[in-house]
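Visitor: coords.txt is the file, holding compact mmCIF, C-alpha atoms and all ligand atoms:
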# COMPACT_ATOMS: atom_id res chain seq x y z
CA MET F 31 20.57 -3.80 -19.56
CA ASN F 32 19.52 -5.81 -22.62
CA ASP F 33 17.41 -8.52 -21.09
CA LYS F 34 15.16 -6.96 -18.45
CA ASN F 35 14.11 -10.43 -17.21
CA SER F 36 17.69 -11.16 -16.21
CA GLN F 37 17.11 -8.73 -13.34
CA VAL F 38 14.28 -10.78 -11.86
CA SER F 39 15.01 -11.99 -8.37
CA LYS F 40 13.04 -14.79 -6.71
CA GLU F 41 14.37 -13.59 -3.35
CA CYS F 42 12.39 -10.36 -3.66
CA LEU F 43 8.88 -10.34 -2.32
CA ILE F 44 7.84 -7.66 -4.77
CA GLN F 45 9.88 -6.22 -7.59
CA ALA F 46 9.04 -3.56 -10.14
CA VAL F 47 11.27 -3.50 -13.21
CA ASP F 48 11.46 -0.48 -15.48
CA LEU F 49 7.87 0.68 -15.09
CA HIS F 50 6.50 3.29 -17.43
CA LYS F 51 3.12 4.90 -16.97
CA THR F 52 1.61 7.70 -18.98
CA TYR F 53 -1.83 9.07 -18.25
CA GLY F 54 -3.71 10.56 -21.15
CA THR F 55 -5.95 13.35 -19.99
CA ARG F 56 -7.95 14.97 -22.80
CA GLY F 57 -5.22 14.34 -25.37
CA ASP F 58 -2.50 15.73 -23.14
CA PRO F 59 -0.19 12.84 -22.14
CA LEU F 60 1.37 12.99 -18.72
CA GLU F 61 4.37 10.72 -18.25
CA VAL F 62 4.46 9.82 -14.58
CA LEU F 63 6.68 6.72 -14.32
CA LYS F 64 9.77 6.87 -16.53
CA GLY F 65 11.54 3.59 -15.90
CA ALA F 66 10.84 3.14 -12.20
CA SER F 67 12.48 0.08 -10.65
CA PHE F 68 12.05 -0.91 -7.05
CA GLU F 69 12.35 -4.04 -4.97
CA VAL F 70 11.43 -5.16 -1.51
CA GLN F 71 12.75 -8.21 0.32
CA PRO F 72 10.48 -10.35 2.50
CA GLY F 73 10.21 -8.94 6.01
CA GLU F 74 11.28 -5.42 5.15
CA ILE F 75 9.50 -2.23 6.17
CA VAL F 76 10.18 0.25 3.43
CA GLY F 77 9.23 3.92 3.15
CA VAL F 78 8.52 5.73 -0.11
CA VAL F 79 8.79 9.51 -0.08
CA GLY F 80 8.60 12.18 -2.76
CA ALA F 81 6.85 15.39 -3.70
CA SER F 82 3.10 15.52 -4.21
CA GLY F 83 2.20 14.42 -7.74
CA VAL F 84 5.49 12.60 -8.35
CA GLY F 85 3.77 9.21 -8.76
CA LYS F 86 3.87 7.43 -5.40
CA SER F 87 0.24 6.31 -5.47
CA THR F 88 0.64 5.35 -9.13
CA LEU F 89 3.59 3.11 -8.22
CA LEU F 90 1.73 1.54 -5.29
CA HIS F 91 -1.31 0.76 -7.46
CA MET F 92 0.93 -1.13 -9.89
CA LEU F 93 2.69 -3.05 -7.11
CA GLY F 94 -0.73 -4.15 -5.87
CA GLY F 95 -1.97 -5.10 -9.34
CA LEU F 96 -4.67 -2.42 -9.23
CA ASP F 97 -3.49 -0.71 -12.40
CA ARG F 98 -1.26 -1.78 -15.29
CA PRO F 99 1.92 -0.07 -16.45
CA ASN F 100 2.32 0.87 -20.14
CA ALA F 101 5.63 -0.95 -20.06
CA GLY F 102 7.70 -2.80 -17.49
CA LYS F 103 6.83 -5.63 -15.13
CA VAL F 104 5.90 -6.36 -11.56
CA PHE F 105 7.02 -9.64 -10.01
CA PHE F 106 5.67 -11.15 -6.80
CA ARG F 107 8.07 -13.86 -5.60
CA GLY F 108 9.48 -13.94 -9.12
CA GLN F 109 6.08 -14.30 -10.80
CA ASP F 110 5.03 -11.68 -13.35
CA ILE F 111 1.68 -10.58 -11.89
CA PHE F 112 0.37 -9.07 -15.14
CA ALA F 113 1.17 -12.16 -17.24
CA GLN F 114 -0.96 -14.72 -15.39
CA LYS F 115 -4.29 -16.20 -16.32
CA ASN F 116 -7.66 -14.59 -15.69
CA GLY F 117 -8.56 -14.27 -12.06
CA PHE F 118 -4.95 -14.28 -10.84
CA LEU F 119 -4.90 -10.61 -9.90
CA GLU F 120 -8.11 -10.84 -7.86
CA THR F 121 -6.72 -13.78 -5.87
CA PHE F 122 -3.32 -12.10 -5.55
CA ARG F 123 -4.94 -8.99 -4.13
CA ASN F 124 -7.21 -10.86 -1.75
CA ARG F 125 -4.74 -13.46 -0.44
CA HIS F 126 -1.33 -11.87 -0.57
CA VAL F 127 -1.68 -8.10 -0.54
CA GLY F 128 -3.37 -5.62 1.75
CA PHE F 129 -3.97 -2.14 0.43
CA VAL F 130 -4.55 1.04 2.42
CA PHE F 131 -5.81 3.63 -0.04
CA GLN F 132 -4.87 7.27 0.30
CA SER F 133 -8.57 8.10 -0.05
CA PHE F 134 -9.57 5.20 2.27
CA ASN F 135 -12.28 3.78 -0.08
CA LEU F 136 -14.52 2.59 2.73
CA LEU F 137 -18.09 1.61 1.90
CA ALA F 138 -20.35 4.38 3.15
CA ASP F 139 -23.37 2.24 4.00
CA PHE F 140 -21.47 -0.19 6.18
CA THR F 141 -20.13 0.13 9.70
CA ALA F 142 -16.46 0.22 10.63
CA VAL F 143 -16.40 -3.42 11.65
CA GLU F 144 -18.27 -4.51 8.50
CA ASN F 145 -15.82 -2.58 6.32
CA VAL F 146 -12.89 -4.32 7.98
CA MET F 147 -14.58 -7.74 7.63
CA PHE F 148 -15.18 -7.42 3.89
CA PRO F 149 -11.87 -8.69 2.49
CA ALA F 150 -12.08 -11.66 4.85
CA LEU F 151 -15.62 -12.49 3.67
CA ILE F 152 -14.55 -12.15 0.03
CA GLY F 153 -11.80 -14.65 0.92
CA LYS F 154 -14.57 -16.98 2.17
CA ALA F 155 -13.63 -16.72 5.85
CA ASP F 156 -16.11 -17.83 8.48
CA LYS F 157 -18.30 -14.82 9.36
CA LYS F 158 -17.90 -15.14 13.12
CA LEU F 159 -14.12 -15.46 12.88
CA ALA F 160 -13.97 -12.55 10.44
CA ARG F 161 -15.90 -10.40 12.88
CA GLU F 162 -13.65 -11.37 15.79
CA LYS F 163 -10.57 -10.60 13.70
CA ALA F 164 -12.02 -7.26 12.60
CA GLU F 165 -12.96 -6.27 16.15
CA ASN F 166 -9.51 -7.26 17.36
CA LEU F 167 -7.78 -5.19 14.68
CA LEU F 168 -10.01 -2.19 15.34
CA ALA F 169 -9.11 -2.46 19.02
CA GLN F 170 -5.42 -2.54 18.07
CA VAL F 171 -5.81 0.77 16.24
CA GLY F 172 -7.73 2.24 19.21
CA LEU F 173 -11.24 2.04 17.75
CA GLN F 174 -12.89 -0.54 20.00
CA ASP F 175 -15.60 2.05 20.77
CA ARG F 176 -16.35 2.89 17.11
CA LEU F 177 -17.22 -0.56 15.73
CA GLU F 178 -20.76 0.36 14.68
CA HIS F 179 -19.98 3.82 13.27
CA ARG F 180 -20.39 4.36 9.55
CA PRO F 181 -17.61 6.24 7.71
CA ALA F 182 -19.59 9.53 7.82
CA GLU F 183 -19.71 9.14 11.61
CA LEU F 184 -15.94 8.82 11.99
CA SER F 185 -13.24 11.48 12.10
CA GLY F 186 -10.64 11.61 9.30
CA GLY F 187 -8.00 9.94 11.45
CA GLU F 188 -10.46 7.28 12.63
CA THR F 189 -11.45 6.55 9.03
CA GLN F 190 -7.78 6.16 8.18
CA ARG F 191 -7.31 3.68 11.01
CA VAL F 192 -10.34 1.65 9.85
CA ALA F 193 -8.75 1.54 6.38
CA LEU F 194 -5.53 0.21 7.92
CA ALA F 195 -7.41 -2.46 9.88
CA ARG F 196 -9.18 -3.51 6.67
CA GLY F 197 -5.82 -3.78 4.89
CA LEU F 198 -4.55 -6.13 7.60
CA VAL F 199 -7.59 -8.38 8.04
CA ASN F 200 -6.39 -11.16 5.74
CA ASP F 201 -2.89 -11.23 7.26
CA PRO F 202 -1.32 -10.13 3.96
CA GLU F 203 2.29 -11.03 3.26
CA LEU F 204 2.61 -7.54 1.80
CA LEU F 205 0.81 -4.42 2.96
CA LEU F 206 0.90 -1.43 0.63
CA ALA F 207 -0.06 1.62 2.65
CA ASP F 208 -0.57 4.96 0.93
CA GLU F 209 0.06 7.69 3.51
CA PRO F 210 -1.56 5.68 6.31
CA THR F 211 -0.80 8.37 8.89
CA GLY F 212 -1.60 11.46 6.79
CA ASN F 213 -4.55 12.50 8.99
CA LEU F 214 -3.16 11.50 12.34
CA ASP F 215 -1.58 13.48 15.14
CA TYR F 216 1.94 12.35 15.99
CA ARG F 217 0.85 10.15 18.89
CA ALA F 218 -1.70 8.22 16.81
CA SER F 219 0.78 8.13 13.93
CA ASP F 220 3.52 6.70 16.16
CA SER F 221 1.21 4.07 17.59
CA LEU F 222 0.05 3.02 14.13
CA ILE F 223 3.60 2.69 12.81
CA ASP F 224 4.61 0.86 15.99
CA LEU F 225 1.76 -1.59 15.29
CA LEU F 226 3.21 -2.28 11.84
CA ILE F 227 6.67 -2.76 13.35
CA GLN F 228 5.26 -5.19 15.96
CA LEU F 229 3.40 -7.15 13.28
CA ASN F 230 6.56 -7.25 11.21
CA GLN F 231 8.56 -8.63 14.14
CA LYS F 232 5.88 -11.17 15.07
CA THR F 233 4.79 -12.42 11.65
CA GLY F 234 7.49 -11.27 9.21
CA GLN F 235 4.91 -9.31 7.21
CA THR F 236 6.36 -6.86 4.71
CA PHE F 237 5.28 -3.22 4.53
CA VAL F 238 5.62 -0.51 1.91
CA VAL F 239 4.58 2.80 3.41
CA VAL F 240 4.20 5.97 1.37
CA THR F 241 4.66 8.97 3.62
CA HIS F 242 5.31 12.69 3.71
CA SER F 243 6.39 12.43 7.32
CA GLN F 244 10.05 12.57 8.28
CA ARG F 245 9.06 11.04 11.62
CA VAL F 246 7.44 8.01 9.94
CA ALA F 247 10.26 7.62 7.40
CA ALA F 248 12.80 7.55 10.22
CA LYS F 249 11.19 4.37 11.58
CA MET F 250 11.46 2.44 8.31
CA HIS F 251 14.22 -0.10 7.57
CA LYS F 252 14.93 1.58 4.24
CA VAL F 253 13.63 4.68 2.49
CA TYR F 254 13.21 5.21 -1.24
CA GLN F 255 12.61 8.54 -2.90
CA MET F 256 10.65 9.12 -6.08
CA LEU F 257 12.02 11.81 -8.32
CA ASP F 258 11.32 12.52 -11.97
CA GLY F 259 9.52 9.22 -12.63
CA LYS F 260 12.17 7.01 -11.03
CA VAL F 261 12.78 5.47 -7.62
CA ALA F 262 16.09 5.56 -5.76
CA ARG F 263 17.21 4.54 -2.29
CA THR F 264 17.86 7.54 -0.09
CA LYS F 265 19.42 8.09 3.29
CA LYS F 266 16.83 8.86 5.94
CA GLU F 267 18.58 12.07 6.93
CA PHE F 268 18.35 13.43 3.37
CA ILE F 269 14.60 13.17 3.08
CA ILE F 270 12.90 16.43 2.17
N1 LIG L 301 -6.11 8.56 -13.53
C1 LIG L 301 -5.33 9.61 -13.80
N2 LIG L 301 -5.46 10.30 -14.95
C2 LIG L 301 -4.66 11.34 -15.24
N3 LIG L 301 -3.68 11.78 -14.43
C3 LIG L 301 -3.51 11.14 -13.28
C4 LIG L 301 -4.31 10.02 -12.89
N4 LIG L 301 -3.88 9.59 -11.69
C5 LIG L 301 -2.87 10.39 -11.32
N5 LIG L 301 -2.63 11.33 -12.27
C6 LIG L 301 -1.57 12.34 -12.25
O1 LIG L 301 -0.35 11.64 -12.13
C7 LIG L 301 0.54 12.30 -11.24
C8 LIG L 301 0.98 11.33 -10.16
O2 LIG L 301 -0.13 11.05 -9.33
P1 LIG L 301 0.01 10.23 -7.98
O3 LIG L 301 -1.34 10.15 -7.40
O4 LIG L 301 0.71 8.97 -8.25
O5 LIG L 301 0.97 11.21 -7.13
P2 LIG L 301 1.48 11.07 -5.63
O6 LIG L 301 2.97 11.07 -5.65
O7 LIG L 301 0.81 9.95 -4.97
O8 LIG L 301 1.00 12.46 -4.99
P3 LIG L 301 0.45 12.81 -3.51
O9 LIG L 301 1.67 12.90 -2.60
O10 LIG L 301 -0.19 14.16 -3.69
O11 LIG L 301 -0.51 11.76 -3.11
C9 LIG L 301 -0.19 13.51 -10.71
O12 LIG L 301 0.32 14.64 -11.36
C10 LIG L 301 -1.65 13.27 -11.05
O13 LIG L 301 -2.31 14.47 -11.38
MG MG L 302 -0.60 9.80 -3.49
Could I get this structure in the form of structure tokens?

Guide:
Amino acid sequence: MNDKNSQVSKECLIQAVDLHKTYGTRGDPLEVLKGASFEVQPGEIVGVVGASGVGKSTLLHMLGGLDRPNAGKVFFRGQDIFAQKNGFLETFRNRHVGFVFQSFNLLADFTAVENVMFPALIGKADKKLAREKAENLLAQVGLQDRLEHRPAELSGGETQRVALARGLVNDPELLLADEPTGNLDYRASDSLIDLLIQLNQKTGQTFVVVTHSQRVAAKMHKVYQMLDGKVARTKKEFII
């Protein structure tokens, strides 16, 4: 395609076009994304699968404006997120996108409920309302009895569920979740994915879920596979 912008679709909620990303580690370049294109419509729940190290987290970071590609573009509702004025990305991330990091990234000195409240407070929400919302979300992920625990006082699966609650606290139009069930048993994993499905049906929120789980992928509307630096739609039954 000659004009890459001709592919831009305003109907997409998020669209990555021809992303390239090379990491340079001690003079040894590692090409991770090699023309990855990917799009998600509003209201979809999409799975992303692929081998460890293939670039799933790298792709998710670019979709959320957390890292920049070397080439290629990311559009949110048709707007090039890396070509806006200063401060755009911070607002984009706080107002429109929730992010569940693979490594959780909770603040160690703060309790579960405080961690969940943070994005709401950054968005200037009323403190009391933010706390109510955070407590409600923690209850929805089964952690109503762990509100005052700090991350070091939570199990791996509990930490993961706090990270999910934090990603949802600002009612993001788009939640980017990087292996949100990686540390959970199948029951907790099912209930967490069912929560996302319920939210999707109630509010129309859109979810991109990176997973290694066949069971999780089977519940998604569509599944994409990353292979050799590119992204392609795959049939659920062919997932490895
Ligand atoms: N900041 C970085 N600097 C150098 N190399 C990096 C950096 N981040 C990631 N990589 C490398 O890029 C590749 C893709 O990493 P990424 O985290 O996107 O993989 P992934 O598909 O999410 O894997 P996993 O399923 O294990 O989480 C890996 O080989 C990794 O070692
Ligand atoms: Mg990863």

Visitor: How close does chain F get to ligand MG 302 (chain L)? List, as a tab-separated table, each residue of chain F within 8 Å, its nearest atom pair and the distance in Å to one decimal, counting all atoms listed in the file.

Guide:
residue	atom	partner	partner_atom	distance
F:Ser82	CA	L:MG302	MG	6.9
F:Gly83	CA	L:MG302	MG	6.9
F:Gly85	CA	L:MG302	MG	6.9
F:Lys86	CA	L:MG302	MG	5.4
F:Ser87	CA	L:MG302	MG	4.1
F:Thr88	CA	L:MG302	MG	7.3
F:Gln132	CA	L:MG302	MG	6.2
F:Asp208	CA	L:MG302	MG	6.6
F:Glu209	CA	L:MG302	MG	7.3
F:Val240	CA	L:MG302	MG	7.8

Visitor: Kindly list the centre and edge lengths in Å, rounded to one decimal, for the axis-aligned box that covers all listed atoms of ligand LIG 301 (chain L) plus 5 Å on each of its six sides, as JSON.

Guide:
{"center_x": -1.6, "center_y": 11.6, "center_z": -8.9, "size_x": 19.1, "size_y": 16.1, "size_z": 22.6}

Visitor: Could you list, as a VMD selection string, every residue within 8 Å of region 187-197 of chain F, counting only C-alpha atoms and ignoring same-chain residues fewer than 5 positions away?

Guide: chain F and resid 128 to 131 134 to 136 142 145 to 149 164 167 to 168 171 173 181 202 205 207 210 to 211 213 to 214

Visitor: As a quick test: using all atoms listed in the file, which residues lie no more than 10 Å away from ligand LIG 301 (chain L)? Give them as a ChimeraX atom specification.

Guide: /F:51-56,58-63,78-91,97,132-133,208-209,212,240-242,256-257,259

Visitor: For Val253 (chain F), which of F:Ile152, F:Leu177, F:Val76, F:Ala46 is the closest residue, counting only C-alpha atoms?

Guide: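 Nearest to Val253 (chain F): F:Val76.
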
Visitor: My list of candidates is F:Thr236, F:Gln244, F:Gln45, F:Gln231. Which is closest to Ser219 (chain F) when distances are computed with only C-alpha atoms?

Guide: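 Ranked by minimum distance to Ser219 (chain F), first place goes to F:Gln244.
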
Visitor: Of the candidates F:Val47, F:Val143, F:Ala160, F:Ala218, which shows the shortest atom-to-atom distance to Val104 (chain F), using only C-alpha atoms?

Guide: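 Between F:Val47, F:Val143, F:Ala160, F:Ala218, the residue approaching Val104 (chain F) most closely is F:Val47.
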
Visitor: Would you mind telling me which residue in F:Ile75, F:Ala155, F:Glu162, F:Leu204 lies nearest to Leu93 (chain F) when using only C-alpha atoms?

Guide: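 Checking each of F:Ile75, F:Ala155, F:Glu162, F:Leu204 against Leu93 (chain F), counting only C-alpha atoms, the winner is F:Leu204.
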